[in-house]
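Chemist: Encoded as structure tokens, here's the structure I'll be asking about.
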Amino acid sequence: MSELKKQTDRAMAVLDSFQIEIPSWGFSNTGTRFGKFIQSGAATCIAEKFADAAEVHRLTAATPTMALHVLWDLPNGLADTIQIATLSQSTGIRAGSINPNLFQDQRFKHGSLCHASAEVRGVATEHMAESVRIAQQLGCRDISLWLPDGSNYPGTQSMRRRIAWLQEALFETHKLLAPQQRLLIEYKPFEPAFYHTDIADWGMALLLARSAGPQARVLVDTGHHYATQNIEQIVAWLLHTEMLGGFHFNDRRFADDDLTLGSIDPYQVFRIFAEIQQTSAAELSNIAFMVDQSHNLKPKIEAMVQTVVTAQELWLKAAILDRAHLAELQDQCDLVAAEELFRSAFFADVKPLLLAWREERGLPADPLQELRRSGYMERIAQERSHKQTGMGSYA
Ligand code: PSV
Ligand code: MN
């Protein structure tokens, strides 16, 4: 078999198995804290979110699941799972991770699972339980928790007592998981609180996951780090300790900017992917790849397709890295040769391989161009423009 044929076959398998979950909130009108720009084609209901997700999957064949946020997508909780299951059937898009929402209820102003009041902690813990029930009803593996709790001013909260409350709540939630389910714990060092957040970094998330129980793992959102932090090293540690549950991908320059994956620093995504690809296929299936972006300025579906295609390209670049050769060069401490080998995979043009895969799988050669050609965006803009009610202003 020729080298080229071998490489192409391998690329086919790599792309076949690469799937990335897209978020329901990436299709509706969202904004910055200064305001919203309303898009006439933005999804206005859960049915439209499923339709848009199906369009992304039709074009890329890489997004069979959509993450759901409980209060945004299932405002009536468990009762809404019937509608979700029907939409899932009709669109072919499965419900993905279930995201509890502990940041909208007025009672959570000073915290949810970490609130000083046992009564409020109880309300939050019950929301976690409802999220587990929703996930069970929909056959979803992951309950993906991001905790907005924290404080803005030194001395106003006991960080220490809050650790214990949080451990207890996560332990209680973990008890409810079915055997194949997981609790993913996402960390973030800022926002909405700015003095301390209760799960500020991967170390805290790891310790909390450990104390919650064996089905808890850490979720890495690439936008949730201090500037210059070495995210691939965090990934290496989490892989090594078998505690990596998944990712929320997005790009940033400053904070949690929600920019398109790879738009600012594609090399960082490559480095993360290269780290992940050193794991076994079994371990890989335990890592949930998800996008956490909601585009305020770019057209939403275009931005999502652009994201997925970029992820596929970078994943493929990481896959063609000659790992065995790299290991030899590392052992020899041949710095320049090792770095060049690493960089050459990043700079390789994988577009022909992606194109070959798309042709073989009967997919559009250029998903973005096909999206424009299909007229989908014009159609939804026409159908939905009169339904856009979102307020544009901040205050
Ligand atoms: C918080 O910034 C976060 O990353 C969490 O994952 C939330 O669920 C999501 O964003 C909401 O947009
Ligand atoms: Mn996130």
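Here's how to read the names in the structure tokens: chain A, B, ... by the order shown, residue numbers from 1 in each chain, ligand numbers from 1 in the order shown.
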Could you pull out the residues sitting within 7 Å of ligand 1, using only C-alpha atoms and all ligand atoms, and write them as number ranges by chain?
Modeler: A: 25, 99, 146, 186, 221, 248, 256, 292
Chemist: Can you write just those residues out, C-alpha atoms, as an mmCIF file, in the first residue's frame?
Modeler:
```
data_model
loop_
_atom_site.group_PDB
_atom_site.id
_atom_site.type_symbol
_atom_site.label_atom_id
_atom_site.label_comp_id
_atom_site.auth_asym_id
_atom_site.auth_seq_id
_atom_site.Cartn_x
_atom_site.Cartn_y
_atom_site.Cartn_z
ATOM 1 C CA TRP A 25 -27.416 28.642 23.043
ATOM 2 C CA ASN A 99 -26.390 21.904 31.772
ATOM 3 C CA TRP A 146 -20.713 25.266 35.677
ATOM 4 C CA GLU A 186 -16.324 23.125 34.976
ATOM 5 C CA ASP A 221 -13.490 25.423 29.055
ATOM 6 C CA HIS A 248 -15.898 23.556 26.097
ATOM 7 C CA ASP A 256 -14.209 34.401 28.327
ATOM 8 C CA ASP A 292 -19.276 26.730 24.077
#
```
Chemist: Around ligand 2, which protein and nucleic acid residues have at least one atom no more than 12 Å from it, if we count only C-alpha atoms and all ligand atoms? List them as number ranges by chain.
Modeler: A: 22-23, 25-26, 67, 69, 97, 99-101, 144-148, 184-188, 191, 218-225, 246-251, 256-258, 289-294
Chemist: From a backbone DSSP assignment, name each residue in stretch 26-250 of chain A labelled strand (DSSP E), as an MDAnalysis selection string.
Modeler: chainID A and resid 31:32 35:36 65:69 94:99 142:146 150:151 182:186 196:197 216:221 244:249
Chemist: Hey, can you spit out that residue selection with N, CA and C atoms as a compact mmCIF listing (two decimals), in the first residue's frame?
Modeler:
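Saved result, part_18.txt, follows:
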```txt
# COMPACT_ATOMS: atom_id res chain seq x y z
N GLY A 31 -25.98 38.12 23.92
CA GLY A 31 -25.25 39.37 23.75
C GLY A 31 -24.08 39.48 24.69
N THR A 32 -23.55 40.68 24.74
CA THR A 32 -22.54 40.97 25.74
C THR A 32 -23.27 41.64 26.88
N GLY A 35 -25.20 44.79 25.62
CA GLY A 35 -26.40 44.76 24.78
C GLY A 35 -26.40 43.60 23.83
N LYS A 36 -27.51 43.48 23.12
CA LYS A 36 -27.65 42.38 22.16
C LYS A 36 -27.83 42.96 20.78
N THR A 65 -24.94 15.67 18.27
CA THR A 65 -25.62 15.98 19.54
C THR A 65 -25.60 17.49 19.82
N MET A 66 -26.57 17.92 20.60
CA MET A 66 -26.64 19.34 20.96
C MET A 66 -26.75 19.45 22.49
N ALA A 67 -25.89 20.27 23.08
CA ALA A 67 -25.94 20.49 24.53
C ALA A 67 -27.19 21.31 24.86
N LEU A 68 -27.82 20.96 25.97
CA LEU A 68 -29.03 21.68 26.38
C LEU A 68 -28.80 22.35 27.73
N HIS A 69 -29.35 23.55 27.88
CA HIS A 69 -29.25 24.28 29.14
C HIS A 69 -30.64 24.23 29.77
N ARG A 94 -29.38 14.24 18.62
CA ARG A 94 -29.63 13.76 19.98
C ARG A 94 -29.34 14.85 21.02
N ALA A 95 -30.06 14.77 22.14
CA ALA A 95 -29.76 15.67 23.25
C ALA A 95 -28.39 15.27 23.80
N GLY A 96 -27.54 16.26 24.03
CA GLY A 96 -26.18 15.97 24.50
C GLY A 96 -26.08 16.21 26.00
N SER A 97 -25.07 16.95 26.40
CA SER A 97 -24.90 17.18 27.83
C SER A 97 -26.04 18.06 28.35
N ILE A 98 -26.41 17.81 29.59
CA ILE A 98 -27.46 18.60 30.23
C ILE A 98 -26.79 19.57 31.19
N ASN A 99 -27.03 20.85 30.97
CA ASN A 99 -26.39 21.90 31.77
C ASN A 99 -27.37 22.51 32.77
N ASP A 142 -23.95 12.90 30.17
CA ASP A 142 -23.27 13.91 31.00
C ASP A 142 -24.18 15.00 31.56
N ILE A 143 -24.01 15.26 32.84
CA ILE A 143 -24.58 16.45 33.46
C ILE A 143 -23.38 17.38 33.63
N SER A 144 -23.44 18.52 33.00
CA SER A 144 -22.26 19.38 32.91
C SER A 144 -22.49 20.64 33.73
N LEU A 145 -21.84 20.69 34.88
CA LEU A 145 -22.09 21.79 35.81
C LEU A 145 -21.05 22.90 35.71
N TRP A 146 -21.54 24.09 35.44
CA TRP A 146 -20.71 25.27 35.68
C TRP A 146 -21.39 26.03 36.82
N GLY A 150 -19.66 32.62 43.92
CA GLY A 150 -18.42 33.28 44.31
C GLY A 150 -18.77 34.53 45.09
N SER A 151 -17.78 35.39 45.29
CA SER A 151 -18.07 36.66 45.98
C SER A 151 -17.26 37.77 45.34
N ARG A 182 -22.33 10.66 34.05
CA ARG A 182 -21.18 11.35 34.64
C ARG A 182 -21.57 12.76 35.07
N LEU A 183 -20.84 13.23 36.03
CA LEU A 183 -20.99 14.62 36.46
C LEU A 183 -19.72 15.35 36.04
N LEU A 184 -19.85 16.31 35.14
CA LEU A 184 -18.68 17.08 34.70
C LEU A 184 -18.65 18.39 35.48
N ILE A 185 -17.47 18.74 35.97
CA ILE A 185 -17.35 19.94 36.80
C ILE A 185 -16.43 20.95 36.10
N GLU A 186 -17.03 22.09 35.76
CA GLU A 186 -16.32 23.12 34.98
C GLU A 186 -15.81 24.21 35.91
N HIS A 196 -13.65 36.06 44.40
CA HIS A 196 -13.35 34.63 44.36
C HIS A 196 -14.50 33.90 43.67
N THR A 197 -14.16 32.85 42.94
CA THR A 197 -15.22 31.95 42.47
C THR A 197 -15.00 30.63 43.20
N ALA A 216 -17.45 11.37 38.52
CA ALA A 216 -17.29 12.82 38.32
C ALA A 216 -15.94 13.08 37.63
N ARG A 217 -15.94 14.03 36.72
CA ARG A 217 -14.74 14.38 35.96
C ARG A 217 -14.65 15.90 35.82
N VAL A 218 -13.51 16.36 35.34
CA VAL A 218 -13.30 17.80 35.17
C VAL A 218 -13.62 18.21 33.73
N LEU A 219 -14.24 19.35 33.58
CA LEU A 219 -14.48 19.91 32.25
C LEU A 219 -13.63 21.15 32.07
N VAL A 220 -12.89 21.19 30.97
CA VAL A 220 -12.01 22.32 30.67
C VAL A 220 -12.68 23.21 29.63
N ASP A 221 -13.02 24.43 30.03
CA ASP A 221 -13.49 25.42 29.05
C ASP A 221 -12.27 26.27 28.72
N LEU A 244 -10.11 13.68 33.05
CA LEU A 244 -10.58 14.62 32.03
C LEU A 244 -11.93 14.16 31.50
N GLY A 245 -12.97 14.97 31.73
CA GLY A 245 -14.30 14.58 31.27
C GLY A 245 -14.67 15.19 29.93
N GLY A 246 -14.18 16.38 29.68
CA GLY A 246 -14.57 17.00 28.41
C GLY A 246 -14.09 18.44 28.31
N PHE A 247 -14.48 19.03 27.18
CA PHE A 247 -14.06 20.40 26.87
C PHE A 247 -15.24 21.26 26.47
N HIS A 248 -15.11 22.53 26.76
CA HIS A 248 -15.90 23.56 26.10
C HIS A 248 -14.89 24.35 25.29
N PHE A 249 -14.97 24.24 23.98
CA PHE A 249 -14.01 24.97 23.15
C PHE A 249 -14.55 26.33 22.74
```
Chemist: Need to verify the contact set: A:Thr389, 12 Å, only C-alpha atoms, exclusion of same-chain residues closer than 2 positions in sequence. Can you return it as a ChimeraX atom specification?
Modeler: /A:28-30,36-40,42-45,384-387,391-393
Chemist: Would you mind exporting the chosen residues as a compact mmCIF listing (two decimals), in the first residue's frame, restricted to C-alpha atoms?
Modeler:
```txt
# COMPACT_ATOMS: atom_id res chain seq x y z
CA SER A 28 -30.39 32.04 19.78
CA ASN A 29 -29.94 35.76 20.34
CA THR A 30 -27.38 36.38 23.03
CA LYS A 36 -27.65 42.38 22.16
CA PHE A 37 -27.62 42.64 18.40
CA ILE A 38 -30.68 40.79 17.20
CA GLN A 39 -30.31 38.48 14.19
CA SER A 40 -33.43 37.86 12.14
CA ALA A 42 -31.71 33.45 15.29
CA ALA A 43 -33.61 30.53 16.78
CA THR A 44 -36.60 31.63 18.84
CA CYS A 45 -37.63 28.26 20.25
CA ARG A 384 -38.25 34.02 12.09
CA SER A 385 -37.69 37.77 11.75
CA HIS A 386 -41.15 38.70 13.05
CA LYS A 387 -40.64 36.46 16.08
CA MET A 391 -34.42 43.44 23.97
CA GLY A 392 -31.28 45.01 22.57
CA SER A 393 -30.43 47.25 25.49
```
Chemist: What's the 9 Å shell around A:Glu242, counting only C-alpha atoms, without same-chain residues fewer than 4 positions away, as a ChimeraX atom specification?
Modeler: /A:217,237-238,283
Chemist: How about saving the chosen residues, N, CA and C atoms kept, as a PDB file, in the first residue's frame?
Modeler:
```
ATOM      1  N   ARG A 217     -15.941  14.028  36.721  1.00  0.00           N
ATOM      2  CA  ARG A 217     -14.738  14.378  35.958  1.00  0.00           C
ATOM      3  C   ARG A 217     -14.654  15.905  35.815  1.00  0.00           C
ATOM      4  N   TRP A 237      -2.193  16.641  32.606  1.00  0.00           N
ATOM      5  CA  TRP A 237      -2.401  16.180  33.989  1.00  0.00           C
ATOM      6  C   TRP A 237      -3.741  15.473  34.153  1.00  0.00           C
ATOM      7  N   LEU A 238      -4.755  16.068  33.557  1.00  0.00           N
ATOM      8  CA  LEU A 238      -6.089  15.463  33.699  1.00  0.00           C
ATOM      9  C   LEU A 238      -6.159  14.120  32.977  1.00  0.00           C
ATOM     10  N   GLU A 283      -9.961   5.655  26.177  1.00  0.00           N
ATOM     11  CA  GLU A 283      -9.934   6.876  26.990  1.00  0.00           C
ATOM     12  C   GLU A 283     -10.534   8.054  26.203  1.00  0.00           C
TER      13      GLU A 283
END
```
Chemist: Considering only C-alpha atoms, can you say which of A:Leu170, A:Ala47, A:Ala318, A:Ala311 comes closest to A:Leu207?
Modeler: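 Nearest candidate to A:Leu207 out of A:Leu170, A:Ala47, A:Ala318, A:Ala311: A:Leu170.
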Chemist: Enumerate the residues of stretch 130-212 of chain A with a DSSP assignment of alpha helix (DSSP H), computed from the backbone, and present them as a PyMOL selection string.
Modeler: chain A and resi 130-138+159-175+202-212
Chemist: Go ahead and save the residues from that selection, with N, CA and C atoms, as a tab-separated table (two decimals), in the first residue's frame.
Modeler:
```tsv
chain	number	residue	atom	x	y	z
A	130	GLU	N	-33.00	17.50	39.46
A	130	GLU	CA	-33.89	17.57	38.30
A	130	GLU	C	-33.08	17.43	37.00
A	131	SER	N	-31.90	18.02	36.98
A	131	SER	CA	-31.05	17.92	35.79
A	131	SER	C	-30.63	16.47	35.55
A	132	VAL	N	-30.33	15.76	36.63
A	132	VAL	CA	-29.97	14.34	36.49
A	132	VAL	C	-31.16	13.56	35.95
A	133	ARG	N	-32.36	13.86	36.46
A	133	ARG	CA	-33.57	13.16	35.99
A	133	ARG	C	-33.80	13.44	34.51
A	134	ILE	N	-33.60	14.70	34.11
A	134	ILE	CA	-33.78	15.07	32.69
A	134	ILE	C	-32.81	14.27	31.84
A	135	ALA	N	-31.56	14.23	32.28
A	135	ALA	CA	-30.53	13.51	31.51
A	135	ALA	C	-30.91	12.03	31.41
A	136	GLN	N	-31.41	11.47	32.51
A	136	GLN	CA	-31.78	10.05	32.48
A	136	GLN	C	-32.93	9.82	31.50
A	137	GLN	N	-33.90	10.70	31.55
A	137	GLN	CA	-35.07	10.56	30.68
A	137	GLN	C	-34.68	10.65	29.21
A	138	LEU	N	-33.70	11.49	28.91
A	138	LEU	CA	-33.30	11.69	27.51
A	138	LEU	C	-32.15	10.78	27.09
A	159	MET	N	-14.88	31.35	52.37
A	159	MET	CA	-14.48	30.44	51.28
A	159	MET	C	-14.43	29.01	51.81
A	160	ARG	N	-13.97	28.89	53.04
A	160	ARG	CA	-13.75	27.58	53.64
A	160	ARG	C	-15.07	26.82	53.85
A	161	ARG	N	-16.06	27.53	54.42
A	161	ARG	CA	-17.33	26.84	54.66
A	161	ARG	C	-18.00	26.47	53.34
A	162	ARG	N	-17.80	27.34	52.35
A	162	ARG	CA	-18.42	27.07	51.05
A	162	ARG	C	-17.84	25.81	50.40
A	163	ILE	N	-16.58	25.53	50.65
A	163	ILE	CA	-15.99	24.30	50.09
A	163	ILE	C	-16.78	23.09	50.61
A	164	ALA	N	-17.03	23.09	51.90
A	164	ALA	CA	-17.72	21.94	52.51
A	164	ALA	C	-19.15	21.81	51.97
A	165	TRP	N	-19.83	22.95	51.84
A	165	TRP	CA	-21.21	22.91	51.31
A	165	TRP	C	-21.22	22.36	49.89
A	166	LEU	N	-20.23	22.82	49.12
A	166	LEU	CA	-20.17	22.38	47.72
A	166	LEU	C	-19.88	20.89	47.62
A	167	GLN	N	-18.95	20.44	48.47
A	167	GLN	CA	-18.62	19.00	48.45
A	167	GLN	C	-19.86	18.18	48.77
A	168	GLU	N	-20.61	18.65	49.74
A	168	GLU	CA	-21.80	17.90	50.14
A	168	GLU	C	-22.82	17.85	49.00
A	169	ALA	N	-23.04	19.00	48.36
A	169	ALA	CA	-24.05	19.06	47.29
A	169	ALA	C	-23.65	18.17	46.11
A	170	LEU	N	-22.36	18.18	45.77
A	170	LEU	CA	-21.92	17.38	44.62
A	170	LEU	C	-21.96	15.89	44.96
A	171	PHE	N	-21.67	15.58	46.21
A	171	PHE	CA	-21.75	14.19	46.66
A	171	PHE	C	-23.20	13.69	46.56
A	172	GLU	N	-24.13	14.54	47.00
A	172	GLU	CA	-25.55	14.18	46.93
A	172	GLU	C	-25.99	14.00	45.48
A	173	THR	N	-25.54	14.90	44.60
A	173	THR	CA	-25.91	14.81	43.19
A	173	THR	C	-25.33	13.53	42.58
A	174	HIS	N	-24.11	13.26	42.91
A	174	HIS	CA	-23.43	12.08	42.34
A	174	HIS	C	-24.18	10.79	42.68
A	175	LYS	N	-24.75	10.74	43.89
A	175	LYS	CA	-25.49	9.54	44.32
A	175	LYS	C	-26.64	9.21	43.38
A	202	TRP	N	-8.56	24.17	37.74
A	202	TRP	CA	-8.68	22.73	37.50
A	202	TRP	C	-8.34	21.91	38.74
A	203	GLY	N	-7.51	22.47	39.61
A	203	GLY	CA	-7.16	21.75	40.83
A	203	GLY	C	-8.38	21.63	41.75
A	204	MET	N	-9.09	22.74	41.89
A	204	MET	CA	-10.30	22.70	42.73
A	204	MET	C	-11.35	21.78	42.10
A	205	ALA	N	-11.48	21.88	40.79
A	205	ALA	CA	-12.47	21.01	40.11
A	205	ALA	C	-12.09	19.54	40.29
A	206	LEU	N	-10.81	19.27	40.20
A	206	LEU	CA	-10.33	17.88	40.35
A	206	LEU	C	-10.62	17.36	41.76
A	207	LEU	N	-10.31	18.16	42.76
A	207	LEU	CA	-10.56	17.71	44.13
A	207	LEU	C	-12.06	17.53	44.39
A	208	LEU	N	-12.84	18.44	43.84
A	208	LEU	CA	-14.30	18.31	44.01
A	208	LEU	C	-14.82	17.06	43.31
A	209	ALA	N	-14.27	16.81	42.12
A	209	ALA	CA	-14.71	15.60	41.38
A	209	ALA	C	-14.35	14.36	42.17
A	210	ARG	N	-13.15	14.37	42.74
A	210	ARG	CA	-12.72	13.20	43.52
A	210	ARG	C	-13.62	12.97	44.73
A	211	SER	N	-13.99	14.07	45.40
A	211	SER	CA	-14.81	13.86	46.60
A	211	SER	C	-16.27	13.59	46.25
A	212	ALA	N	-16.68	13.97	45.03
A	212	ALA	CA	-18.09	13.71	44.65
A	212	ALA	C	-18.32	12.22	44.42
```
Chemist: Residues near A:Tyr267, anyone? I mean within 12 Å using only C-alpha atoms, not counting same-chain ones fewer than 2 positions away, as a PDB file with C-alpha atoms, in the first residue's frame.
Modeler:
```
ATOM      1  CA  ILE A 231      -3.815  24.720  28.957  1.00  0.00           C
ATOM      2  CA  GLU A 232      -2.275  21.666  27.281  1.00  0.00           C
ATOM      3  CA  ASP A 251     -11.138  31.161  21.656  1.00  0.00           C
ATOM      4  CA  LEU A 261     -12.341  28.191  18.026  1.00  0.00           C
ATOM      5  CA  GLY A 262      -8.920  28.720  16.497  1.00  0.00           C
ATOM      6  CA  SER A 263      -9.636  32.281  15.397  1.00  0.00           C
ATOM      7  CA  ILE A 264      -6.989  33.834  17.658  1.00  0.00           C
ATOM      8  CA  ASP A 265      -4.627  30.993  18.482  1.00  0.00           C
ATOM      9  CA  VAL A 269      -5.942  24.165  19.889  1.00  0.00           C
ATOM     10  CA  PHE A 270      -3.459  22.029  17.960  1.00  0.00           C
ATOM     11  CA  ARG A 271      -1.289  21.644  21.057  1.00  0.00           C
ATOM     12  CA  ILE A 272      -4.305  20.585  23.115  1.00  0.00           C
ATOM     13  CA  PHE A 273      -5.424  18.137  20.421  1.00  0.00           C
ATOM     14  CA  ALA A 274      -1.889  16.737  20.118  1.00  0.00           C
ATOM     15  CA  THR A 310     -11.734  24.374  11.940  1.00  0.00           C
ATOM     16  CA  ALA A 311     -11.897  21.754  14.685  1.00  0.00           C
ATOM     17  CA  GLU A 313      -8.770  20.521  10.388  1.00  0.00           C
ATOM     18  CA  LEU A 314      -6.873  20.942  13.644  1.00  0.00           C
ATOM     19  CA  TRP A 315      -7.799  17.469  14.839  1.00  0.00           C
ATOM     20  CA  LYS A 317      -3.260  18.033  11.860  1.00  0.00           C
ATOM     21  CA  ALA A 318      -2.729  16.597  15.333  1.00  0.00           C
ATOM     22  CA  PHE A 342       5.741  19.221  15.851  1.00  0.00           C
ATOM     23  CA  ARG A 343       5.318  22.452  13.921  1.00  0.00           C
ATOM     24  CA  SER A 344       5.326  20.737  10.548  1.00  0.00           C
ATOM     25  CA  ALA A 345       2.158  18.833  11.501  1.00  0.00           C
ATOM     26  CA  PHE A 346       0.536  22.104  12.524  1.00  0.00           C
ATOM     27  CA  PHE A 347       1.529  23.818   9.291  1.00  0.00           C
TER      28      PHE A 347
END
```
Chemist: Closest to A:Met377 among A:Ile301, A:Leu74, A:Val56, A:Leu15, using only C-alpha atoms?
Modeler: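 Selected residue with least distance to A:Met377: A:Ile301.
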Chemist: So, counting only C-alpha atoms, which residue among A:Ile93, A:Gln19, A:Ala124, A:Lys49 is closest to A:Ile287?
Modeler: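 Looking at the shortest contact to A:Ile287, the residue is A:Gln19.
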Chemist: Given only C-alpha atoms as the basis, pick out the residue of A:Glu383, A:Asp201, A:Glu370, A:Asp349 nearest to A:Tyr226.
Modeler: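 Checking each candidate against A:Tyr226, we get A:Asp201 as the closest.
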